[in-house]
Structure formats: C-alpha cells, structure tokens
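**Q** Data file coords_10.pdb (PDB, C-alpha atoms and all ligand atoms) is appended below.
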MODEL        1
ATOM      1  CA  MET D   1     101.475 139.968  90.236
ATOM      2  CA  GLN D   2      99.497 139.421  87.035
ATOM      3  CA  TYR D   3     101.143 138.684  83.690
ATOM      4  CA  ARG D   4     100.394 142.215  82.339
ATOM      5  CA  ASN D   5     101.794 143.793  85.461
ATOM      6  CA  ILE D   6     104.903 141.620  85.179
ATOM      7  CA  LYS D   7     105.315 142.816  81.578
ATOM      8  CA  LYS D   8     104.947 146.454  82.650
ATOM      9  CA  HIS D   9     107.307 145.847  85.529
ATOM     10  CA  ILE D  10     109.849 144.291  83.215
ATOM     11  CA  LYS D  11     109.529 147.225  80.755
ATOM     12  CA  LYS D  12     109.756 149.749  83.575
ATOM     13  CA  ASN D  13     112.687 148.152  85.275
ATOM     14  CA  LYS D  14     114.297 146.958  82.079
ATOM     15  CA  VAL D  15     114.957 143.450  83.383
ATOM     16  CA  PRO D  16     117.584 142.067  81.064
ATOM     17  CA  LEU D  17     116.403 139.355  78.688
ATOM     18  CA  ILE D  18     119.144 137.084  79.925
ATOM     19  CA  ILE D  19     117.538 136.926  83.414
ATOM     20  CA  ILE D  20     114.136 136.037  81.944
ATOM     21  CA  ALA D  21     115.773 133.355  79.807
ATOM     22  CA  CYS D  22     117.498 131.980  82.899
ATOM     23  CA  LEU D  23     114.196 131.870  84.785
ATOM     24  CA  ILE D  24     112.457 129.980  81.968
ATOM     25  CA  PHE D  25     115.399 127.574  81.735
ATOM     26  CA  ASN D  26     115.223 126.908  85.498
ATOM     27  CA  ILE D  27     111.489 126.245  85.308
ATOM     28  CA  ILE D  28     112.046 123.715  82.492
ATOM     29  CA  ILE D  29     114.764 121.956  84.520
ATOM     30  CA  LEU D  30     112.528 121.906  87.608
ATOM     31  CA  LEU D  31     109.589 120.459  85.651
ATOM     32  CA  GLY D  32     111.867 117.800  84.200
ATOM     33  CA  TYR D  33     113.138 116.915  87.667
ATOM     34  CA  ILE D  34     109.611 116.623  89.120
ATOM     35  CA  THR D  35     108.460 114.366  86.252
ATOM     36  CA  ASN D  36     111.553 112.210  86.572
ATOM     37  CA  PHE D  37     111.214 112.007  90.349
ATOM     38  CA  LYS D  38     107.607 110.868  89.994
ATOM     39  CA  ALA D  39     108.706 108.180  87.521
ATOM     40  CA  THR D  40     111.421 106.798  89.791
ATOM     41  CA  THR D  41     109.207 106.573  92.862
ATOM     42  CA  LYS D  42     106.499 104.609  91.055
ATOM     43  CA  PRO D  43     106.424 100.851  91.750
ATOM     44  CA  LEU D  44     108.717  99.074  89.316
ATOM     45  CA  LYS D  45     106.024  96.765  88.000
ATOM     46  CA  LYS D  46     102.968  97.715  85.987
ATOM     47  CA  ILE D  47     100.477  96.238  88.426
ATOM     48  CA  LYS D  48      99.699  98.597  91.243
ATOM     49  CA  PRO D  49     100.105  96.806  94.578
ATOM     50  CA  LEU D  50      97.226  96.982  97.031
ATOM     51  CA  VAL D  51      99.399  98.948  99.393
ATOM     52  CA  ASN D  52     101.446 101.820  98.035
ATOM     53  CA  TYR D  53     104.941 100.417  98.444
ATOM     54  CA  ASN D  54     107.317 103.088  97.241
ATOM     55  CA  LYS D  55     110.285 102.464  99.474
ATOM     56  CA  HIS D  56     113.739 102.263  98.024
ATOM     57  CA  LEU D  57     113.971  98.978  96.190
ATOM     58  CA  PRO D  58     116.826  96.716  97.224
ATOM     59  CA  VAL D  59     119.227  95.332  94.660
ATOM     60  CA  PRO D  60     118.341  91.665  94.041
ATOM     61  CA  LYS D  61     120.792  89.207  95.525
ATOM     62  CA  VAL D  62     122.098  86.590  93.150
ATOM     63  CA  GLN D  63     121.801  83.122  94.641
ATOM     64  CA  LYS D  64     124.269  80.559  93.414
ATOM     65  CA  THR D  65     121.936  77.655  92.696
ATOM     66  CA  ILE D  66     121.772  74.434  90.768
ATOM     67  CA  ILE D  67     118.408  73.146  89.605
ATOM     68  CA  LYS D  68     118.091  69.369  89.615
ATOM     69  CA  ASN D  69     115.416  67.287  87.866
ATOM     70  CA  ILE D  70     114.469  70.179  85.662
ATOM     71  CA  ASN D  71     111.693  69.392  83.233
ATOM     72  CA  PRO D  72     112.361  71.516  80.099
ATOM     73  CA  SER D  73     108.651  72.165  79.642
ATOM     74  CA  ILE D  74     108.492  74.152  82.853
ATOM     75  CA  ILE D  75     111.519  76.387  82.297
ATOM     76  CA  SER D  76     109.363  79.057  80.676
ATOM     77  CA  ASP D  77     106.559  78.627  83.193
ATOM     78  CA  LYS D  78     106.135  81.232  85.840
ATOM     79  CA  THR D  79     105.686  78.975  88.833
ATOM     80  CA  ILE D  80     105.864  80.037  92.450
ATOM     81  CA  TYR D  81     106.455  77.682  95.357
ATOM     82  CA  LEU D  82     105.696  79.518  98.576
ATOM     83  CA  THR D  83     107.636  77.865 101.389
ATOM     84  CA  PHE D  84     107.349  78.555 105.109
ATOM     85  CA  ASP D  85     110.035  77.422 107.552
ATOM     86  CA  ASP D  86     110.212  77.060 111.338
ATOM     87  CA  GLY D  87     106.488  76.721 112.103
ATOM     88  CA  PRO D  88     103.962  75.810 113.205
ATOM     89  CA  SER D  89     103.239  78.803 115.422
ATOM     90  CA  TYR D  90     100.208  80.932 116.222
ATOM     91  CA  LEU D  91     100.865  82.739 112.916
ATOM     92  CA  THR D  92     100.515  79.604 110.802
ATOM     93  CA  GLU D  93      96.754  79.715 111.102
ATOM     94  CA  LYS D  94      96.746  83.245 109.669
ATOM     95  CA  VAL D  95      98.973  82.073 106.798
ATOM     96  CA  LEU D  96      96.555  79.212 106.111
ATOM     97  CA  ASP D  97      93.604  81.626 106.128
ATOM     98  CA  ILE D  98      95.260  83.802 103.478
ATOM     99  CA  LEU D  99      96.221  80.791 101.342
ATOM    100  CA  LYS D 100      92.635  79.565 101.553
ATOM    101  CA  GLU D 101      91.190  82.929 100.601
ATOM    102  CA  GLU D 102      93.558  83.173  97.635
ATOM    103  CA  ASN D 103      93.182  79.474  96.820
ATOM    104  CA  VAL D 104      96.917  78.807  96.462
ATOM    105  CA  PRO D 105      98.959  75.856  97.723
ATOM    106  CA  ALA D 106     102.178  76.150  99.739
ATOM    107  CA  THR D 107     104.833  74.053 101.464
ATOM    108  CA  PHE D 108     105.572  74.095 105.186
ATOM    109  CA  PHE D 109     108.953  72.900 106.494
ATOM    110  CA  VAL D 110     107.965  72.229 110.077
ATOM    111  CA  THR D 111     109.896  71.808 113.311
ATOM    112  CA  ALA D 112     108.793  70.115 116.527
ATOM    113  CA  ARG D 113     109.135  73.168 118.747
ATOM    114  CA  GLN D 114     105.382  73.798 118.953
ATOM    115  CA  ILE D 115     104.040  70.870 116.956
ATOM    116  CA  ASP D 116     102.138  69.338 119.867
ATOM    117  CA  LYS D 117     100.382  72.623 120.594
ATOM    118  CA  TYR D 118      99.519  73.156 116.939
ATOM    119  CA  SER D 119      98.994  69.611 115.699
ATOM    120  CA  ASN D 120      95.512  70.622 114.486
ATOM    121  CA  ILE D 121      97.168  73.314 112.337
ATOM    122  CA  VAL D 122      99.524  70.738 110.803
ATOM    123  CA  LYS D 123      96.509  68.537 110.078
ATOM    124  CA  ARG D 124      94.808  71.542 108.497
ATOM    125  CA  MET D 125      97.829  72.032 106.172
ATOM    126  CA  GLN D 126      97.309  68.533 104.881
ATOM    127  CA  VAL D 127      93.504  68.782 104.617
ATOM    128  CA  GLU D 128      93.806  72.039 102.674
ATOM    129  CA  ASN D 129      96.163  70.435 100.148
ATOM    130  CA  HIS D 130      99.502  71.918 101.197
ATOM    131  CA  THR D 131     102.734  69.958 101.544
ATOM    132  CA  VAL D 132     103.822  69.203 105.088
ATOM    133  CA  ALA D 133     107.600  68.845 104.803
ATOM    134  CA  LEU D 134     110.431  68.400 107.312
ATOM    135  CA  HIS D 135     112.886  70.990 108.625
ATOM    136  CA  THR D 136     114.242  69.124 111.719
ATOM    137  CA  SER D 137     112.861  68.565 115.159
ATOM    138  CA  THR D 138     115.006  70.876 117.296
ATOM    139  CA  HIS D 139     116.454  73.275 114.697
ATOM    140  CA  ASN D 140     119.408  73.429 117.060
ATOM    141  CA  TYR D 141     122.509  73.911 114.885
ATOM    142  CA  SER D 142     124.998  72.882 117.568
ATOM    143  CA  TYR D 143     123.168  69.574 117.997
ATOM    144  CA  ILE D 144     122.075  68.628 114.477
ATOM    145  CA  TYR D 145     125.321  69.682 112.787
ATOM    146  CA  SER D 146     127.723  68.196 115.332
ATOM    147  CA  ASN D 147     127.519  64.731 113.784
ATOM    148  CA  ASP D 148     125.555  62.776 111.176
ATOM    149  CA  ILE D 149     123.823  60.563 113.747
ATOM    150  CA  ASN D 150     122.392  63.552 115.590
ATOM    151  CA  TYR D 151     121.100  65.051 112.358
ATOM    152  CA  PHE D 152     119.343  61.866 111.257
ATOM    153  CA  ASN D 153     117.951  61.174 114.746
ATOM    154  CA  ASP D 154     116.550  64.676 114.804
ATOM    155  CA  LEU D 155     115.130  64.286 111.309
ATOM    156  CA  ASN D 156     113.538  60.962 112.238
ATOM    157  CA  ASP D 157     111.951  62.565 115.270
ATOM    158  CA  ILE D 158     110.160  65.274 113.268
ATOM    159  CA  ARG D 159     109.332  62.707 110.569
ATOM    160  CA  ASN D 160     107.585  60.496 113.112
ATOM    161  CA  LYS D 161     105.762  63.412 114.694
ATOM    162  CA  VAL D 162     104.441  64.546 111.304
ATOM    163  CA  TYR D 163     103.517  60.929 110.501
ATOM    164  CA  ASN D 164     101.469  60.712 113.716
ATOM    165  CA  ILE D 165      99.462  63.752 112.607
ATOM    166  CA  THR D 166      99.192  63.232 108.844
ATOM    167  CA  GLY D 167      99.786  59.505 108.319
ATOM    168  CA  ILE D 168     102.490  60.392 105.783
ATOM    169  CA  LYS D 169     106.230  59.704 106.126
ATOM    170  CA  SER D 170     107.560  62.726 104.275
ATOM    171  CA  ARG D 171     110.736  62.590 102.203
ATOM    172  CA  ILE D 172     110.777  66.298 101.477
ATOM    173  CA  ILE D 173     113.420  68.125 103.494
ATOM    174  CA  ARG D 174     114.948  71.525 104.058
ATOM    175  CA  LEU D 175     118.149  71.860 106.054
ATOM    176  CA  PRO D 176     118.176  74.597 108.714
ATOM    177  CA  GLY D 177     120.206  77.440 107.215
ATOM    178  CA  GLY D 178     119.968  75.823 103.780
ATOM    179  CA  SER D 179     122.565  73.517 102.270
ATOM    180  CA  SER D 180     124.913  76.491 101.693
ATOM    181  CA  ASN D 181     125.191  77.374 105.392
ATOM    182  CA  THR D 182     128.675  77.716 106.848
ATOM    183  CA  VAL D 183     127.579  77.836 110.507
ATOM    184  CA  SER D 184     127.708  74.035 110.477
ATOM    185  CA  LYS D 185     131.506  74.234 110.033
ATOM    186  CA  ARG D 186     131.765  75.284 113.675
ATOM    187  CA  TYR D 187     130.383  71.918 114.739
ATOM    188  CA  SER D 188     131.619  69.465 112.118
ATOM    189  CA  ASN D 189     133.743  69.881 109.053
ATOM    190  CA  GLY D 190     132.101  68.506 105.899
ATOM    191  CA  ILE D 191     128.823  67.617 107.587
ATOM    192  CA  ILE D 192     126.560  69.216 104.974
ATOM    193  CA  THR D 193     128.299  67.283 102.200
ATOM    194  CA  ARG D 194     127.827  64.024 104.119
ATOM    195  CA  ILE D 195     124.197  64.744 105.063
ATOM    196  CA  THR D 196     123.112  65.790 101.567
ATOM    197  CA  ASN D 197     124.812  62.749 100.019
ATOM    198  CA  LYS D 198     123.053  60.418 102.475
ATOM    199  CA  LEU D 199     119.701  62.138 101.927
ATOM    200  CA  THR D 200     119.999  61.742  98.167
ATOM    201  CA  GLU D 201     121.197  58.100  98.422
ATOM    202  CA  ASN D 202     118.171  57.310 100.584
ATOM    203  CA  ASN D 203     115.601  58.907  98.256
ATOM    204  CA  PHE D 204     115.034  62.016 100.295
ATOM    205  CA  TYR D 205     114.563  65.265  98.408
ATOM    206  CA  TYR D 206     116.102  68.370  99.864
ATOM    207  CA  PHE D 207     115.080  71.825  98.735
ATOM    208  CA  ASP D 208     116.839  75.152  99.111
ATOM    209  CA  TRP D 209     115.398  78.343  97.587
ATOM    210  CA  ASN D 210     116.234  80.786  94.822
ATOM    211  CA  ILE D 211     114.121  83.700  96.078
ATOM    212  CA  ASP D 212     114.857  84.987  99.566
ATOM    213  CA  SER D 213     112.240  87.205 101.194
ATOM    214  CA  GLU D 214     114.981  87.887 103.767
ATOM    215  CA  ASP D 215     112.401  87.730 106.540
ATOM    216  CA  ALA D 216     114.905  85.694 108.567
ATOM    217  CA  SER D 217     117.035  88.814 109.034
ATOM    218  CA  GLY D 218     115.320  90.457 111.972
ATOM    219  CA  LYS D 219     111.943  92.108 111.847
ATOM    220  CA  LEU D 220     111.690  93.586 108.372
ATOM    221  CA  PRO D 221     108.842  95.944 107.472
ATOM    222  CA  LYS D 222     106.207  94.243 105.332
ATOM    223  CA  GLU D 223     107.041  96.620 102.448
ATOM    224  CA  VAL D 224     110.620  95.334 102.325
ATOM    225  CA  ILE D 225     109.523  91.685 102.377
ATOM    226  CA  TYR D 226     107.015  92.427  99.612
ATOM    227  CA  ASN D 227     109.619  94.172  97.459
ATOM    228  CA  ASN D 228     112.250  91.504  98.095
ATOM    229  CA  VAL D 229     109.877  88.944  96.607
ATOM    230  CA  VAL D 230     108.107  90.782  93.780
ATOM    231  CA  ASN D 231     111.324  92.270  92.415
ATOM    232  CA  ARG D 232     113.071  88.905  92.320
ATOM    233  CA  ILE D 233     110.475  86.521  90.895
ATOM    234  CA  HIS D 234     111.078  85.575  87.278
ATOM    235  CA  ASN D 235     110.191  83.108  84.512
ATOM    236  CA  GLY D 236     110.733  79.483  85.502
ATOM    237  CA  VAL D 237     110.903  78.022  88.985
ATOM    238  CA  ASN D 238     110.624  80.366  91.968
ATOM    239  CA  ILE D 239     111.095  78.710  95.341
ATOM    240  CA  ILE D 240     110.468  81.475  97.851
ATOM    241  CA  LEU D 241     111.877  81.343 101.375
ATOM    242  CA  MET D 242     109.613  82.726 104.082
ATOM    243  CA  HIS D 243     108.991  81.930 107.742
ATOM    244  CA  ASP D 244     105.889  81.302 109.836
ATOM    245  CA  SER D 245     107.584  81.256 113.224
ATOM    246  CA  SER D 246     105.974  83.327 115.952
ATOM    247  CA  THR D 247     107.945  86.559 115.399
ATOM    248  CA  LYS D 248     107.259  86.870 111.675
ATOM    249  CA  GLU D 249     104.066  88.937 111.689
ATOM    250  CA  THR D 250     105.292  91.202 108.881
ATOM    251  CA  THR D 251     105.672  88.177 106.597
ATOM    252  CA  VAL D 252     101.997  87.446 107.156
ATOM    253  CA  PHE D 253     101.145  91.115 106.503
ATOM    254  CA  ALA D 254     103.031  91.025 103.171
ATOM    255  CA  LEU D 255     101.782  87.621 102.030
ATOM    256  CA  GLN D 256      98.432  88.474 100.486
ATOM    257  CA  ASP D 257      99.858  91.343  98.431
ATOM    258  CA  ILE D 258     102.675  89.107  97.197
ATOM    259  CA  ILE D 259     100.124  86.538  96.038
ATOM    260  CA  LYS D 260      97.905  89.174  94.408
ATOM    261  CA  TYR D 261     100.884  90.719  92.634
ATOM    262  CA  ALA D 262     102.045  87.335  91.341
ATOM    263  CA  LYS D 263      98.574  86.380  90.129
ATOM    264  CA  SER D 264      98.184  89.695  88.306
ATOM    265  CA  ASN D 265     101.501  89.087  86.570
ATOM    266  CA  GLY D 266     100.698  85.620  85.259
ATOM    267  CA  TYR D 267     102.355  83.445  87.879
ATOM    268  CA  THR D 268     100.828  80.200  89.046
ATOM    269  CA  PHE D 269     101.338  78.533  92.420
ATOM    270  CA  ALA D 270     102.319  74.979  93.242
ATOM    271  CA  LYS D 271     103.330  72.972  96.278
ATOM    272  CA  ILE D 272     106.591  71.066  96.467
ATOM    273  CA  THR D 273     106.416  67.374  95.650
ATOM    274  CA  LYS D 274     109.040  64.747  94.834
ATOM    275  CA  SER D 275     108.883  65.764  91.169
ATOM    276  CA  THR D 276     109.396  69.491  91.780
ATOM    277  CA  PRO D 277     112.716  70.715  90.344
ATOM    278  CA  GLN D 278     115.129  70.749  93.263
ATOM    279  CA  ILE D 279     116.823  74.074  93.840
ATOM    280  CA  HIS D 280     120.186  73.330  95.441
ATOM    281  CA  HIS D 281     122.608  75.905  96.759
ATOM    282  CA  HIS D 282     126.326  75.497  96.439
ATOM    283  CA  ILE D 283     127.534  73.435  99.397
ATOM    284  CA  ASN D 284     130.204  75.227 101.412
ATOM    285  CA  ASN D 285     130.808  72.635 104.077
TER     286      ASN D 285
HETATM  287 ZN    ZN D 301     114.811  77.297 109.757
ENDMDL
END
Transcribe the structure of this file into structure tokens.
**A**
Amino acid sequence: MQYRNIKKHIKKNKVPLIIIACLIFNIIILLGYITNFKATTKPLKKIKPLVNYNKHLPVPKVQKTIIKNINPSIISDKTIYLTFDDGPSYLTEKVLDILKEENVPATFFVTARQIDKYSNIVKRMQVENHTVALHTSTHNYSYIYSNDINYFNDLNDIRNKVYNITGIKSRIIRLPGGSSNTVSKRYSNGIITRITNKLTENNFYYFDWNIDSEDASGKLPKEVIYNNVVNRIHNGVNIILMHDSSTKETTVFALQDIIKYAKSNGYTFAKITKSTPQIHHHINN
C-alpha cells in the first residue's frame, strides 16, 4: 500500500491517532534495538580481526599473580611473551612457521615425550631465536610431584636432552600445572613450596603466566582462544599460556590472528630470558 493510499485508508477508516502514534513509537524502539544489537555484536576492539569473531566474549579471569624482578621502565610497555607448553609435537612446526612469517619470538616449555622424534624441531626453535625452556621430562604429576628427588631427576632428564640438542643447559622452567596447582597435594603435601624454593636457591627461574588462553581445557574453538587472549592482554607484561601438544590444532589456527591483533594494537613480542619479569602465581601447596 502506498503512502497516499494509507492516508486515504486512514481517513476512510478513521484509524485513531493513538494507534498511529503507537506504531511510530514501536518503529523507533525497534530501530533503537537493531542499532544497539549491532553495536554489541561488534568486536570489542577497534581493530577488525582477520576472521569475524563475534561470539559471546567470556569474562576475563583474574589471575592472582606476583611479578618478580620487575623493571619499572617496562611497566608501561605492552610486551607479549607467547609461551607454548607440552611440545614438541607435529604441530610445533606449524607454530614455528607462523612465528617466522610474523617475525616474532616465543618461548617453548618442552617435555621429553616426543623430543627424540622432533629433535630437529627443537633445534629449529633455537636457530630461529626462540627460547627453548624446560617443562619436565615425563609431565607425569603422580611421579614428579610425589617427592622432590623425582621432580629434580625428571627436570635433569629434560635439561640434558635439551642440552644434547641445543648445547645450552637451560635454567628457565615452568612447572606442569603452574606453581598454583593443587593436584600436587594428592601426591605430596607442600611439594610446590619446596620445589620453588630449591629452584630459586639454585638460580633457576620459574615462570607462570598472567594470560590464560585456556586451550588446556579441552578442544576450544579457535574463536574462543582468540578472544580469551585479545580481551585479556593489557599494558605491561603479558605472559600468555598456550600449548603446542598434538591435540591443540585450534591454538595454531588462532595464533596468527592473535599476533596480528596484538601488532595492530601496539604490542611488541619478546622471548623469556633470565631477566624477564617473573610472573609467579600464588602457591597453594
Ligand atoms: Zn604442561
């Protein structure tokens, strides 16, 4: 029905003004709703991601952390330390390819599970200027956390294996489950406190994280991993927990977009060294 016809129709049928007013009011409300809906489904940040990630954004988790060795000059820096745990695996090569293409360094906390098979990949980490750091040899909680001797034997094993490949005896460590894990309580009360004290006394440097991609929790869609990271990074030190074990394909799929997003928003990338501010979780055991 054309506008004129509507007018005639209204005149003819004497549609009360109140109904017309109601209709106009409804249209205004509807327009407002559509505009608002569009605004809330847009990505939170100004930079448009390569992929249109418009899933519901999770509420950031607050990590209880202490930063040691903080250099005041870097507090305002926007620095990202990408860290990958539990590799090497067949996916590590893909991670290295992306890092090379984007020209950013990262840190790998390796285990011995597939290190013999992928020793060339570990060598490549070193050659391409990443940090090869230690996670433990077996990553077996019931073994490494049942007593201090087991933990340090296991650590020595991975340390020697990495030394045989890289020629470097690393002192950069990450505990399986992080230093805040409570699983270790099942095997030995107070073991994390004892281990971390001994590591520090012996000039080892252990690193937790303050940004969790949450890729350890099952097989998350790449969009969720992406959002978990880009919505949590902030001014200062960002140590990001990710995994390059063989089931973490979606982490690899999200990685390049995470890097591109961070670059577009003024972040720089660094690898962990002895002088990197140490993010430490609260120890619960
Ligand atoms: Zn791990």
**Q** With all atoms listed in the file as the atoms that count, which of D:Lys222, D:Arg124, D:His243, D:Lys117 lies nearest to ligand ZN 301 (chain D)?
**A**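 Using all atoms listed in the file, the shortest distance to ligand ZN 301 (chain D) belongs to D:His243.
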**Q** Identify, on the basis of only C-alpha atoms, every residue whose closest approach to stretch 196-199 of chain D does not exceed 10 Å; exclude the query and any residue fewer than 2 positions from it along the same chain; express the result as a PyMOL selection string.
**A** chain D and resi 148+152+171-173+175+179+191-194+201-206+283
**Q** Taking C-alpha atoms for each residue, export the selection above as a short mmCIF file (atom, residue, chain, number, x, y, z; two decimals), in the frame of the given file.
**A**
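The result, stored in selection.cif:
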data_model
loop_
_atom_site.label_atom_id
_atom_site.label_comp_id
_atom_site.auth_asym_id
_atom_site.auth_seq_id
_atom_site.Cartn_x
_atom_site.Cartn_y
_atom_site.Cartn_z
CA ASP D 148 125.56 62.78 111.18
CA PHE D 152 119.34 61.87 111.26
CA ARG D 171 110.74 62.59 102.20
CA ILE D 172 110.78 66.30 101.48
CA ILE D 173 113.42 68.12 103.49
CA LEU D 175 118.15 71.86 106.05
CA SER D 179 122.56 73.52 102.27
CA ILE D 191 128.82 67.62 107.59
CA ILE D 192 126.56 69.22 104.97
CA THR D 193 128.30 67.28 102.20
CA ARG D 194 127.83 64.02 104.12
CA GLU D 201 121.20 58.10 98.42
CA ASN D 202 118.17 57.31 100.58
CA ASN D 203 115.60 58.91 98.26
CA PHE D 204 115.03 62.02 100.30
CA TYR D 205 114.56 65.26 98.41
CA TYR D 206 116.10 68.37 99.86
CA ILE D 283 127.53 73.44 99.40
#
**Q** Using only C-alpha atoms, which residues sit within 9 Å of stretch 245-254 of chain D once same-chain residues fewer than 5 positions away are excluded, as a PyMOL selection string?
**A** chain D and resi 84-92+94-95+98+213+215-216+218-226+259
**Q** Please indicate the distance in Å from atom CA of D:Ile115 to atom CA of D:Val162, rounded to one decimal place.
**A**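 Separation between atom CA of D:Ile115 and atom CA of D:Val162: 8.5 Å.
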**Q** Please evaluate the PyMOL selection byres (((chain D and resi 280) around 6) and not hetatm) against the structure above and give the resulting residues as a list in words.
**A**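 That selection, the PyMOL selection byres (((chain D and resi 280) around 6) and not hetatm), comes back as Thr65, Ile66, Asp208, Ile279 and His281 of chain D.
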**Q** Would you kindly return, as a PyMOL selection string, each protein, DNA or RNA residue with an atom no farther than 12 Å from any atom of D:Tyr151, considering only C-alpha atoms and excluding same-chain residues fewer than 6 positions away?
**A** chain D and resi 135-145+157-158+175-176+184+187-188+191-192+194-196+198-199
**Q** Please report the interatomic distance between atom CA of D:Tyr261 and atom CA of D:Glu102 in Å with one decimal.
**A** 11.6 Å
**Q** For ligand ZN 301 (chain D), which residue among D:Asn150, D:Thr131, D:Ser217, D:Ser170 is the nearest when counting only C-alpha atoms and all ligand atoms?
**A**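 Closest to ligand ZN 301 (chain D), using only C-alpha atoms and all ligand atoms: D:Ser217.
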**Q** Using atom CA of D:Val183 and atom CA of D:Ser146 as the two end points, give the distance in Å to one decimal.
**A**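 Going from atom CA of D:Val183 over to atom CA of D:Ser146, I get 10.8 Å.
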**Q** Decode the PyMOL selection byres (((chain D and resi 105) around 12) and not hetatm) for the given file into explicit residues and return them as a PyMOL selection string.
**A** chain D and resi 79-84+95-104+106-108+125-132+259+268-273
**Q** From the options D:Lys263, D:Arg174, D:Arg159, D:Lys123, which residue's atoms come nearest to ligand ZN 301 (chain D), counting only C-alpha atoms and all ligand atoms?
**A**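 Of D:Lys263, D:Arg174, D:Arg159, D:Lys123, the one nearest ligand ZN 301 (chain D), counting only C-alpha atoms and all ligand atoms, is D:Arg174.
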**Q** Nearest to D:Asn147 among D:Thr276, D:Thr111, D:Asn227, D:Asn189, with distances taken over only C-alpha atoms: which residue is it?
**A**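 Among the listed residues, D:Asn189 lies closest to D:Asn147.
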